[in-house]
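To start, the structure itself, in structure tokens.
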Amino acid sequence: MTTEPPVLLALDLAGTLAFAVNGALTALRVARLDIVGVVTLGMITALGGGIIRDVLLGTLPPATFSDWRYLAVAAGGGLVAFLFGRRLDRLTSLITVMDAAGLSLFAVTGAVKALDLGLGPAQAVILGAITGVGGGTLRDVLVRRIPSVLSSGLYAIPALVGATAAVVVAELGIYNAATAVGAAALCFGIRMLGVRLDLDAPMPPAAPNPGSDDD
Amino acid sequence: MTTEPPVLLALDLAGTLAFAVNGALTALRVARLDIVGVVTLGMITALGGGIIRDVLLGTLPPATFSDWRYLAVAAGGGLVAFLFGRRLDRLTSLITVMDAAGLSLFAVTGAVKALDLGLGPAQAVILGAITGVGGGTLRDVLVRRIPSVLSSGLYAIPALVGATAAVVVAELGIYNAATAVGAAALCFGIRMLGVRLDLDAPMPPAAPNPGSDDD
Amino acid sequence: MTTEPPVLLALDLAGTLAFAVNGALTALRVARLDIVGVVTLGMITALGGGIIRDVLLGTLPPATFSDWRYLAVAAGGGLVAFLFGRRLDRLTSLITVMDAAGLSLFAVTGAVKALDLGLGPAQAVILGAITGVGGGTLRDVLVRRIPSVLSSGLYAIPALVGATAAVVVAELGIYNAATAVGAAALCFGIRMLGVRLDLDAPMPPAAPNPGSDDD
């Protein structure tokens with residue numbers, strides 16, 4: 001075992017919360033859904049990456065179903081976002097930051113869980129990146145946008161970098177709360193840098209996807 | 001074991017048939033597909049929820065692949081809908097009723113199968129709801145509509161209620177054909193009530209989804 | 001065992017390459033993605049069918065994660081397509097041919113792998129067809145097109161025929177490189193014939209899907 005399970009769990013729950021808020025705010029902004037739709041999209045965004053990870057690893061049922069904390073955090077995050085999201089002025093910024101946080105945390109936890117289960121380093125990096133981008137990709141498909149992982153160059157790259165950093169510290173035997181957060185921060189930094197640079201790119205950051213035809 | 005397998009099988013096949021007809025009629029109505037596309041969408045709608053359930057439970061290959069009856073019922077339902085669907089006047093009503101029937105039956109069977117495999121009650125409820133909404137969500141994604149589970153408040157709720165009712169009767173040890181059908185009927189009733197109430201809501205029931213851009 | 005593993009592997013890698021090129025060229029043509037998006041869509045198209053197959057068969061982690069060659073071929077194919085795709089005049093033809101090649105090869109390898117794992121002949125045919133159409137369906141969903149498997153009558157049919165041919169030769173005990181390629185060629189021929197005949201159908205072959213709203 002290369003991980004301290006409490007670290008993995010804490011980061012996983014933090015990523016779940018970030019994606020739940022992100023998915024719910026996206027639902028409020030893009031698709032004008034009611035409370036059930038908003039919370040549902042928050043939960044799918046929050047739990048999707050981990051479910052895809054666990055399906056691919058064959059650790060079934062997914063952690064979501066054997067540990068109620070994931071469901072509670074995902075539902076709670078979605079509900080809070082529903083209640084307070086409409087009043088937020090800077091909704092777009094918050095959506096972007098929460099997405100980057102979920103991406104970063106899940107890239108790290110996905111990679112480390114894959115290593116724990118005996119996959120090789122390269123496979124663990126790929127699986128970490130899939131865990132990071134999975135929930136947001138489901139979210140985008142469900143609200144009919146071209147997924148960020150395809151439309152934004154600096155989305156898959158930071159996930160791969162964060163997962164690689166996590167694998168490196170785990171292989172060096174120095175994986176702990178600090179290095180795990182460090183790996184996630186690396187991913188987060190690159191992602192947010194990419195968002196900033198996009199300010200000058202043809203697609204404005206407020207609408208990075210050409211999707212949502214009926215807006 | 002909390003279930004009588006024949007009951008589970010019969011309800012599962014009834015849900016498969018309802019969703020096969022629903023998916024095929026949706027294909028006829030929304031996407032103007034040919035016979036292969038119509039039957040394929042019927043089969044995906046019919047089998048999708050159960051496949052997602054079995055993947056999440058880790059009971060692989062899914063029941064669909066080890067039991068030919070699911071494939072036969074799904075293909076047969078899709079074919080019948082293709083042959084007779086074009087002549088139906090009240091296609092929209094039938095699509096809605098069949099969708100509600102599939103939702104209800106799969107919410108019950110998904111929850112009970114999860115209990116049988118040792119999951120806790122809360123997890124079984126969630127898994128039942130996922131089984132209920134899974135096929136229709138795949139259908140909507142494939143024909144590029146915002147899924148009902150997001151756009152319609154009273155879609156996930158009745159699935160959760162039906163799954164909860166199934167779990168309650170199973171835990172009370174009174175799960176049988178009558179109580180299982182009762183749990184499904186509860187879900188069906190709430191869903192159809194929701195459809196009726198939507199008559200006065202901004203989105204007309206004939207087009208509950210803002211999707212299908214090329215209609 | 002009904003297969004020679006080297007044959008299965010070679011055909012699987014050839015299908016992976018064909019779909020990687022197809023997915024990447026589709027990304028160039030339909031969605032105007034950057035290099036990361038192009039390679040990512042190529043990899044999803046290339047690896048998606050096999051991942052769905054392995055998830056349904058319960059052989060997890062999928063071959064993609066235990067064998068680096070799939071990842072390397074998928075990434076390499078996507079990269080080559082990105083580098084040279086913009087200069088190609090007959091991009092549409094190449095996209096169609098590569099898609100038919102991937103469809104054919106995966107229909108055969110999926111069916112044979114299912115047989116190897118003990119599934120019945122009918123189940124193996126279905127699973128082969130799912131393997132064949134899976135990657136392209138993910139591709140179409142991600143770039144928001146109605147999937148070929150729904151919109152084109154002669155897409156699922158050749159996959160079913162190719163998978164059936166593979167199962168027949170495997171059951172007859174004459175499955176080898178020559179008969180496997182023959183089964184794939186049968187699928188490929190029917191698919192390309194279908195594309196040709198579509199020339200006179202209402203939808204032009206250059207845009208077989210009504211999708212991609214923002215073209």
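Ligands are numbered from 1 in the order shown, residues from 1 within each chain, and chains are lettered A, B, ... in the order they appear in the structure tokens.
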
Taking only C-alpha atoms into account, produce a table as CSV in which each residue of chain C with an atom at most 6 Å from an atom of chain B appears once, together with its shortest atom pair and the distance in Å to one decimal, ordered by chain and rising number.
residue,atom,partner,partner_atom,distance
C:Leu56,CA,B:Pro61,CA,5.2
C:Leu57,CA,B:Pro61,CA,4.8
C:Gly58,CA,B:Leu60,CA,5.1
C:Gln123,CA,B:Phe65,CA,5.4
C:Ile146,CA,B:Val143,CA,5.9
C:Leu150,CA,B:Gly37,CA,3.9
C:Ser151,CA,B:Leu33,CA,5.8
C:Gly153,CA,B:Val36,CA,5.3

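Of note, CA of Arg69 in chain C and CA of Leu13 in chain C are spaced 7.8 Å apart.
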
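In this structure, CA of Tyr175 in chain C sits 14.2 Å away from CA of Leu105 in chain C.
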
Next on the checklist: I'd like the neighbourhood of Leu47 in chain C as number ranges by chain, where a residue qualifies if any of its atoms comes within 9 Å (using only C-alpha atoms), though same-chain residues fewer than 2 positions away should be ignored.
Outcome noted: C: 16, 19-20, 42-45, 49-52, 64, 70-71, 74, 135
